$ cat structure04.cif   # mmCIF, C-alpha atoms and all ligand atoms
data_structure
#
loop_
_atom_site.label_atom_id
_atom_site.label_comp_id
_atom_site.auth_asym_id
_atom_site.auth_seq_id
_atom_site.Cartn_x
_atom_site.Cartn_y
_atom_site.Cartn_z
CA MET U 1 10.70 -14.43 -25.27
CA SER U 2 11.90 -15.87 -28.55
CA ASP U 3 10.90 -16.07 -32.19
CA ASN U 4 12.70 -19.37 -32.33
CA LYS U 5 9.83 -21.90 -32.44
CA ASP U 6 11.83 -24.94 -31.47
CA MET U 7 9.51 -26.00 -28.66
CA GLU U 8 5.82 -26.91 -28.79
CA LEU U 9 4.07 -25.42 -25.76
CA ILE U 10 0.58 -26.88 -26.28
CA ASP U 11 0.17 -30.67 -26.48
CA GLU U 12 -2.09 -32.64 -28.85
CA ASN U 13 -4.97 -32.41 -26.32
CA GLY U 14 -4.80 -28.63 -26.41
CA LYS U 15 -3.31 -28.45 -22.90
CA ARG U 16 -0.24 -26.60 -21.68
CA LEU U 17 2.75 -28.83 -20.97
CA ASP U 18 2.25 -28.64 -17.19
CA GLY U 19 -1.42 -29.62 -17.64
CA ARG U 20 -2.84 -26.20 -16.85
CA GLU U 21 -5.83 -24.59 -18.55
CA PHE U 22 -5.12 -21.36 -20.46
CA ASP U 23 -6.61 -19.28 -17.63
CA GLU U 24 -5.11 -21.25 -14.74
CA LEU U 25 -2.53 -19.94 -12.26
CA ARG U 26 0.33 -22.02 -10.91
CA ASP U 27 -0.10 -22.95 -7.21
CA ILE U 28 0.55 -20.01 -4.89
CA LYS U 29 1.31 -20.12 -1.16
CA ILE U 30 2.14 -17.08 0.95
CA GLU U 31 3.32 -16.89 4.55
CA ALA U 32 3.60 -13.59 6.42
CA GLY U 33 5.96 -12.80 9.29
CA ILE U 34 8.78 -15.25 8.58
CA LEU U 35 11.68 -13.11 9.88
CA LYS U 36 12.05 -11.97 13.50
CA ARG U 37 14.47 -9.08 12.97
CA ALA U 38 12.68 -7.43 10.03
CA ASP U 39 9.86 -4.94 10.69
CA GLY U 40 7.75 -6.97 8.27
CA SER U 41 8.35 -10.00 6.10
CA ALA U 42 6.71 -12.58 3.87
CA TYR U 43 7.55 -15.61 1.74
CA ILE U 44 5.87 -16.82 -1.44
CA GLU U 45 5.99 -20.05 -3.37
CA TRP U 46 4.51 -19.52 -6.82
CA GLY U 47 4.90 -22.60 -8.98
CA LYS U 48 8.63 -23.28 -8.76
CA ASN U 49 9.45 -19.71 -7.72
CA LYS U 50 10.54 -19.14 -4.13
CA VAL U 51 10.79 -15.49 -3.11
CA MET U 52 11.20 -13.74 0.23
CA ALA U 53 10.60 -10.09 1.16
CA ALA U 54 11.84 -8.16 4.21
CA VAL U 55 10.77 -4.62 5.14
CA TYR U 56 12.75 -2.20 7.31
CA GLY U 57 11.43 1.23 8.24
CA PRO U 58 10.18 3.83 7.95
CA ARG U 59 13.64 4.99 9.09
CA GLU U 60 15.87 7.97 8.47
CA MET U 61 17.13 8.04 4.89
CA HIS U 62 20.88 7.82 4.40
CA PRO U 63 22.56 9.29 2.46
CA ARG U 64 20.76 12.47 3.51
CA HIS U 65 20.90 14.05 0.05
CA ALA U 66 18.55 11.27 -1.11
CA GLN U 67 15.87 12.37 1.38
CA GLU U 68 12.58 13.73 0.07
CA PRO U 69 11.47 16.70 2.25
CA SER U 70 7.75 15.98 1.94
CA LYS U 71 7.53 12.20 1.70
CA ALA U 72 9.16 8.86 2.33
CA VAL U 73 11.15 7.10 -0.36
CA VAL U 74 9.97 3.56 -1.10
CA ARG U 75 13.16 1.68 -1.99
CA ALA U 76 12.72 -1.90 -3.18
CA ARG U 77 15.78 -3.94 -4.05
CA TYR U 78 15.15 -7.06 -6.15
CA ASN U 79 17.98 -9.58 -5.99
CA MET U 80 18.36 -13.02 -7.54
CA ALA U 81 20.50 -15.44 -5.55
CA ALA U 82 23.42 -16.92 -7.49
CA PHE U 83 21.91 -20.40 -6.99
CA SER U 84 18.35 -19.41 -8.02
CA VAL U 85 18.69 -20.33 -11.71
CA PRO U 86 20.20 -23.34 -13.53
CA ASP U 87 23.14 -21.29 -14.90
CA ARG U 88 24.71 -19.62 -11.88
CA LYS U 89 23.71 -15.96 -11.75
CA ARG U 90 26.64 -13.58 -11.26
CA PRO U 91 26.07 -12.02 -7.80
CA GLY U 92 25.27 -8.34 -7.48
CA PRO U 93 23.07 -5.87 -9.33
CA ASP U 94 22.74 -6.03 -13.11
CA ARG U 95 20.66 -4.09 -15.65
CA ARG U 96 17.68 -6.45 -15.20
CA SER U 97 17.61 -6.31 -11.39
CA VAL U 98 17.97 -2.50 -11.39
CA GLU U 99 14.99 -2.29 -13.77
CA ILE U 100 12.86 -4.67 -11.70
CA SER U 101 13.76 -2.86 -8.46
CA LYS U 102 12.68 0.43 -10.05
CA ILE U 103 9.31 -0.79 -11.35
CA ILE U 104 8.49 -2.52 -8.04
CA SER U 105 9.44 0.61 -6.03
CA GLU U 106 7.24 2.78 -8.26
CA ALA U 107 4.32 0.36 -8.06
CA LEU U 108 4.45 0.21 -4.26
CA GLU U 109 4.81 3.98 -3.88
CA GLU U 110 1.30 4.25 -5.34
CA VAL U 111 -0.25 2.57 -2.30
CA VAL U 112 2.01 3.54 0.63
CA PHE U 113 0.98 6.76 2.44
CA VAL U 114 4.42 8.27 1.81
CA GLU U 115 3.41 11.80 2.90
CA MET U 116 3.19 10.54 6.48
CA PHE U 117 6.96 10.02 6.71
CA PRO U 118 8.92 12.96 5.29
CA ARG U 119 12.70 12.38 4.89
CA ALA U 120 12.32 8.68 5.70
CA VAL U 121 13.02 5.58 3.66
CA ILE U 122 11.09 2.33 3.60
CA ASP U 123 13.46 -0.42 2.51
CA ILE U 124 12.10 -3.59 0.93
CA PHE U 125 14.54 -6.38 0.17
CA ILE U 126 13.22 -8.96 -2.30
CA GLU U 127 15.35 -12.08 -2.46
CA VAL U 128 14.66 -14.60 -5.21
CA LEU U 129 15.83 -17.97 -3.89
CA GLU U 130 14.57 -20.05 -6.82
CA ALA U 131 13.40 -18.59 -10.12
CA SER U 132 11.14 -20.06 -12.74
CA ALA U 133 9.52 -17.14 -14.65
CA GLY U 134 7.27 -14.50 -13.18
CA THR U 135 9.61 -13.47 -10.36
CA ARG U 136 8.86 -9.74 -10.68
CA CYS U 137 5.14 -10.47 -10.15
CA ALA U 138 5.90 -12.82 -7.26
CA GLY U 139 8.28 -10.18 -5.81
CA LEU U 140 5.74 -7.37 -5.99
CA THR U 141 2.99 -9.59 -4.55
CA VAL U 142 5.09 -10.79 -1.61
CA ALA U 143 6.55 -7.31 -0.96
CA SER U 144 3.01 -5.98 -0.54
CA VAL U 145 2.28 -8.59 2.13
CA ALA U 146 5.58 -7.79 3.89
CA LEU U 147 4.70 -4.06 3.93
CA ALA U 148 1.30 -4.83 5.42
CA ASP U 149 2.99 -7.15 7.94
CA ALA U 150 5.27 -4.24 8.92
CA GLY U 151 2.17 -2.16 9.65
CA ILE U 152 3.13 0.44 7.03
CA PRO U 153 0.07 2.66 6.39
CA MET U 154 -1.16 1.95 2.86
CA SER U 155 -4.37 2.29 0.88
CA ASN U 156 -4.24 -1.36 -0.18
CA MET U 157 -1.83 -4.11 -1.21
CA ILE U 158 -0.83 -4.68 -4.83
CA ALA U 159 -1.50 -8.01 -6.52
CA SER U 160 0.53 -8.90 -9.58
CA CYS U 161 0.44 -11.53 -12.30
CA ALA U 162 1.48 -11.95 -15.92
CA ALA U 163 -0.43 -13.11 -18.97
CA GLY U 164 0.96 -13.68 -22.44
CA LYS U 165 0.84 -15.69 -25.63
CA ILE U 166 2.14 -19.17 -26.41
CA ASP U 167 1.65 -21.10 -29.66
CA GLY U 168 -0.93 -18.53 -30.77
CA HIS U 169 -3.02 -18.75 -27.55
CA VAL U 170 -3.43 -16.08 -24.90
CA VAL U 171 -2.64 -17.69 -21.52
CA LEU U 172 -2.24 -16.74 -17.88
CA ASP U 173 0.92 -16.90 -15.75
CA LEU U 174 3.65 -18.14 -18.10
CA GLY U 175 5.97 -20.87 -16.80
CA LYS U 176 9.69 -21.03 -17.59
CA ASN U 177 9.49 -22.68 -21.04
CA GLU U 178 6.44 -20.62 -21.95
CA ASP U 179 8.37 -17.47 -21.04
CA ASN U 180 11.46 -18.58 -23.01
CA PHE U 181 9.73 -19.92 -26.12
CA GLY U 182 6.40 -18.03 -26.09
CA GLU U 183 5.41 -15.03 -28.18
CA ALA U 184 4.56 -12.46 -25.49
CA ASP U 185 4.67 -11.85 -21.74
CA VAL U 186 2.73 -9.03 -20.04
CA PRO U 187 3.34 -8.59 -16.30
CA VAL U 188 0.58 -6.57 -14.62
CA GLY U 189 0.25 -5.15 -11.09
CA ILE U 190 -3.07 -3.76 -9.86
CA VAL U 191 -4.60 -2.21 -6.79
CA PRO U 192 -7.42 -4.74 -6.20
CA ASN U 193 -11.02 -3.49 -6.19
CA THR U 194 -10.04 -0.35 -8.10
CA ASP U 195 -9.24 0.29 -11.75
CA LYS U 196 -5.69 1.28 -10.90
CA ILE U 197 -2.80 -0.39 -12.73
CA THR U 198 0.55 0.22 -11.04
CA LEU U 199 2.76 -2.05 -13.12
CA LEU U 200 2.50 -2.86 -16.81
CA GLN U 201 5.23 -4.17 -19.09
CA MET U 202 5.21 -6.08 -22.33
CA ASP U 203 7.81 -8.31 -23.89
CA GLY U 204 6.94 -9.65 -27.37
CA ASN U 205 4.06 -8.84 -29.72
CA LEU U 206 0.26 -8.98 -29.33
CA THR U 207 -2.63 -7.68 -31.41
CA LYS U 208 -4.96 -5.18 -29.71
CA GLU U 209 -7.54 -7.97 -29.15
CA GLU U 210 -4.94 -10.34 -27.72
CA TYR U 211 -3.61 -7.58 -25.46
CA GLU U 212 -7.11 -6.91 -24.12
CA GLU U 213 -7.69 -10.62 -23.56
CA ALA U 214 -4.34 -10.92 -21.72
CA MET U 215 -5.14 -7.92 -19.53
CA GLU U 216 -8.52 -9.39 -18.60
CA LEU U 217 -6.94 -12.72 -17.67
CA ALA U 218 -4.21 -11.04 -15.59
CA ILE U 219 -6.58 -8.67 -13.78
CA ASP U 220 -9.02 -11.48 -12.91
CA ALA U 221 -6.11 -13.55 -11.60
CA CYS U 222 -4.92 -10.60 -9.47
CA ASP U 223 -8.25 -10.72 -7.62
CA GLU U 224 -7.57 -14.40 -6.86
CA ILE U 225 -4.03 -13.57 -5.70
CA TYR U 226 -5.34 -10.75 -3.51
CA GLU U 227 -7.42 -13.32 -1.59
CA ILE U 228 -4.27 -15.40 -0.96
CA GLN U 229 -2.42 -12.26 0.25
CA ARG U 230 -5.24 -11.41 2.65
CA ASP U 231 -5.44 -14.99 3.92
CA ALA U 232 -1.71 -14.93 4.71
CA LEU U 233 -2.24 -11.82 6.83
CA LYS U 234 -5.26 -13.33 8.59
CA VAL U 235 -3.24 -16.40 9.55
CA ARG U 236 -0.37 -14.17 10.70
CA TYR U 237 -2.75 -12.03 12.73
CA SER U 238 -4.33 -15.04 14.43
CA THR U 239 -0.84 -16.35 15.34
CA THR U 240 -0.02 -12.98 16.86
CA LEU U 241 -3.23 -13.17 18.91
CA GLU U 242 -2.13 -16.60 20.14
CA ASP U 243 1.16 -15.07 21.33
CA HIS U 244 -0.88 -12.51 23.27
CA GLY U 245 -3.01 -15.17 24.96
CA GLU U 246 -6.26 -14.58 23.06
CA PRO U 247 -8.90 -17.30 23.54
CA ASP U 248 -8.60 -20.33 21.23
CA ASP U 249 -12.16 -20.09 19.83
CA GLU U 250 -11.48 -16.53 18.61
CA ILE U 251 -8.29 -17.69 16.89
CA GLU U 252 -9.98 -20.74 15.35
CA LYS U 253 -12.71 -18.49 13.96
CA ILE U 254 -10.14 -16.26 12.22
CA GLN U 255 -8.22 -19.26 10.88
CA GLU U 256 -11.40 -20.86 9.54
CA GLU U 257 -12.31 -17.64 7.74
CA ALA U 258 -8.85 -17.46 6.14
O1 LIG U 301 11.19 -13.54 -13.63
P1 LIG U 301 10.49 -12.62 -14.59
O2 LIG U 301 9.57 -13.37 -15.53
O3 LIG U 301 9.82 -11.49 -13.90
O4 LIG U 301 11.63 -11.92 -15.47
P2 LIG U 301 12.31 -12.34 -16.85
O5 LIG U 301 13.45 -11.38 -17.07
O6 LIG U 301 11.26 -12.47 -17.91
O7 LIG U 301 12.94 -13.76 -16.56
C1 LIG U 301 12.25 -14.94 -16.77
C2 LIG U 301 12.97 -16.08 -16.10
O8 LIG U 301 14.22 -16.30 -16.72
C3 LIG U 301 13.32 -15.88 -14.64
O9 LIG U 301 12.22 -16.03 -13.78
C4 LIG U 301 14.35 -16.94 -14.46
O10 LIG U 301 13.73 -18.21 -14.29
C5 LIG U 301 15.09 -16.91 -15.80
N1 LIG U 301 16.36 -16.16 -15.68
C6 LIG U 301 17.53 -16.90 -15.64
O11 LIG U 301 17.52 -18.12 -15.76
N2 LIG U 301 18.75 -16.24 -15.47
C7 LIG U 301 18.78 -14.89 -15.35
N3 LIG U 301 19.95 -14.27 -15.17
C8 LIG U 301 17.59 -14.16 -15.38
C9 LIG U 301 16.39 -14.83 -15.56
#
$ encode --input "structure04.cif" --output "structure tokens"
Amino acid sequence: MSDNKDMELIDENGKRLDGREFDELRDIKIEAGILKRADGSAYIEWGKNKVMAAVYGPREMHPRHAQEPSKAVVRARYNMAAFSVPDRKRPGPDRRSVEISKIISEALEEVVFVEMFPRAVIDIFIEVLEASAGTRCAGLTVASVALADAGIPMSNMIASCAAGKIDGHVVLDLGKNEDNFGEADVPVGIVPNTDKITLLQMDGNLTKEEYEEAMELAIDACDEIYEIQRDALKVRYSTTLEDHGEPDDEIEKIQEEA
């Protein structure tokens, strides 16, 4: 986010520089079950973002003093690969990745049935392989699919997306230049089909009306993203059936529905 208006983000035809409408998402593809040795896993391509999530657990929490006697700890670790951004990112945790890990852990704890696993930990590793704005939303979205893939009992997945403001217009899903040179960015995470918001941050300034407009855009987009999350699980489930020798017509039916 910057007050430095040295880049026009809307062209003379009133379009965003990548040709998208104000309320249009970048392309999103999700694949579940990409890693054999993880208990659950998923991969997302969201515009130019490429992000992977691996879930391990529930398993005994170490160190033991970090155990919670009446529930499991949901421990997400967000990490950006050194090669994921144009200027090499210094490896290891920094203030930003600690913050993002915390907000993703807290968002996911809202949907996981943590009381079922006292003293346990559910580890979620989120690895950003290529970054181009919106990686916390992509990370939370893909982590939810990986948790479901691991068979972790949860009330629902979380879908996440940002909206914001560029050149005076409220828009959905800011790209890299829009994030850098825009006026505001509001990442949102919701439990679909409920009114529950589990992640909400704001960078920049919006009026009350603009904020409400941004929230509406982001929440509507989360419903779209939720469909893509569910489809990834349906495809994964039909592949698992194939492995177990289920009849082809059953599998085709599931794949067609997805
Ligand atoms: O990725 P997200 O929008 O959730 O977080 P951000 O802190 O607003 O970062 C926006 C973008 O800046 C990232 O997605 C990266 O493309 C870029 N970035 C970078 O180039 N180098 C960093 N050390 C951190 C972020």
$ atom_distance --input "structure04.cif" --atom1 "CA of Gly164 (chain U)" --atom2 "CA of Leu17 (chain U)"
15.3 Å
$ atom_distance --input "structure04.cif" --atom1 "CA of Ala131 (chain U)" --atom2 "atom O7 of ligand LIG 301 (chain U)"
8.1 Å
$ closest_residue --input "structure04.cif" --among "U:Leu233, U:Glu24, U:Glu8, U:Ala66" --to "Ala150 (chain U)" --atoms "all atoms listed in the file"
U:Leu233
$ residues_near_ligand --input "structure04.cif" --ligand "ligand LIG 301 (chain U)" --cutoff "7 Å" --atoms "all atoms listed in the file" --output "ChimeraX atom specification"
/U:85-87,89,96,131-137,176,179
$ closest_residue --input "structure04.cif" --among "U:Val74, U:Val112, U:Ala107, U:Met80" --to "Ile152 (chain U)" --atoms "only C-alpha atoms"
U:Val112
$ residues_near_point --input "structure04.cif" --point "(6.8, -18.6, -3.2)" --cutoff "12 Å" --atoms "all atoms listed in the file" --output "number ranges by chain"
U: 26-32, 42-53, 126-143, 228-229
$ write_last_selection --input "structure04.cif" --atoms "C-alpha atoms" --output "tab-separated table (two decimals), in the coordinates of the input"
chain	number	residue	atom	x	y	z
U	26	ARG	CA	0.33	-22.02	-10.91
U	27	ASP	CA	-0.10	-22.95	-7.21
U	28	ILE	CA	0.55	-20.01	-4.89
U	29	LYS	CA	1.31	-20.12	-1.16
U	30	ILE	CA	2.14	-17.08	0.95
U	31	GLU	CA	3.32	-16.89	4.55
U	32	ALA	CA	3.60	-13.59	6.42
U	42	ALA	CA	6.71	-12.58	3.87
U	43	TYR	CA	7.55	-15.61	1.74
U	44	ILE	CA	5.87	-16.82	-1.44
U	45	GLU	CA	5.99	-20.05	-3.37
U	46	TRP	CA	4.51	-19.52	-6.82
U	47	GLY	CA	4.90	-22.60	-8.98
U	48	LYS	CA	8.63	-23.28	-8.76
U	49	ASN	CA	9.45	-19.71	-7.72
U	50	LYS	CA	10.54	-19.14	-4.13
U	51	VAL	CA	10.79	-15.49	-3.11
U	52	MET	CA	11.20	-13.74	0.23
U	53	ALA	CA	10.60	-10.09	1.16
U	126	ILE	CA	13.22	-8.96	-2.30
U	127	GLU	CA	15.35	-12.08	-2.46
U	128	VAL	CA	14.66	-14.60	-5.21
U	129	LEU	CA	15.83	-17.97	-3.89
U	130	GLU	CA	14.57	-20.05	-6.82
U	131	ALA	CA	13.40	-18.59	-10.12
U	132	SER	CA	11.14	-20.06	-12.74
U	133	ALA	CA	9.52	-17.14	-14.65
U	134	GLY	CA	7.27	-14.50	-13.18
U	135	THR	CA	9.61	-13.47	-10.36
U	136	ARG	CA	8.86	-9.74	-10.68
U	137	CYS	CA	5.14	-10.47	-10.15
U	138	ALA	CA	5.90	-12.82	-7.26
U	139	GLY	CA	8.28	-10.18	-5.81
U	140	LEU	CA	5.74	-7.37	-5.99
U	141	THR	CA	2.99	-9.59	-4.55
U	142	VAL	CA	5.09	-10.79	-1.61
U	143	ALA	CA	6.55	-7.31	-0.96
U	228	ILE	CA	-4.27	-15.40	-0.96
U	229	GLN	CA	-2.42	-12.26	0.25
$ closest_residue --input "structure04.cif" --among "U:Met154, U:Ala148, U:Ala72, U:Ala221" --to "Asp173 (chain U)" --atoms "only C-alpha atoms"
U:Ala221
$ atom_distance --input "structure04.cif" --atom1 "CA of Ser238 (chain U)" --atom2 "CA of Ser41 (chain U)"
16.0 Å
$ residues_around --input "structure04.cif" --residues "Tyr211 (chain U)" --least-positions-apart "5" --cutoff "9 Å" --atoms "only C-alpha atoms" --output "list in words"
Gly164, Val170, Val186, Asn205, Leu206 and Glu216 of chain U
$ closest_residue --input "structure04.cif" --among "U:Val171, U:Met61, U:Ala232, U:Ala76" --to "Arg119 (chain U)" --atoms "all atoms listed in the file"
U:Met61
$ closest_residue --input "structure04.cif" --among "U:Val121, U:Ala214, U:Ala54, U:Leu108" --to "Val73 (chain U)" --atoms "only C-alpha atoms"
U:Val121
$ residues_near_point --input "structure04.cif" --point "(7.7, -0.1, 9.5)" --cutoff "8 Å" --atoms "all atoms listed in the file" --output "PyMOL selection string"
chain U and resi 39-40+55-59+122+147+150-152
$ closest_residue --input "structure04.cif" --among "U:Ile10, U:Val191, U:Ile197, U:Ile219" --to "Ala163 (chain U)" --atoms "all atoms listed in the file"
U:Ile219
$ axis_aligned_box --input "structure04.cif" --around "region 35-54 of chain U" --padding-each-side "3 Å" --output "lines of an AutoDock Vina configuration file"
center_x = 9.5
center_y = -14.1
center_z = 2.3
size_x = 16.0
size_y = 24.3
size_z = 28.5
$ residues_around --input "structure04.cif" --residues "Pro91 (chain U)" --least-positions-apart "4" --cutoff "10 Å" --atoms "all atoms listed in the file" --output "PDB file with C-alpha atoms, in the frame of the given file"
ATOM      1  CA  ASN U  79      17.980  -9.580  -5.990  1.00  0.00           C
ATOM      2  CA  MET U  80      18.360 -13.020  -7.540  1.00  0.00           C
ATOM      3  CA  ALA U  81      20.500 -15.440  -5.550  1.00  0.00           C
ATOM      4  CA  ALA U  82      23.420 -16.920  -7.490  1.00  0.00           C
ATOM      5  CA  PHE U  83      21.910 -20.400  -6.990  1.00  0.00           C
TER       6      PHE U  83
END
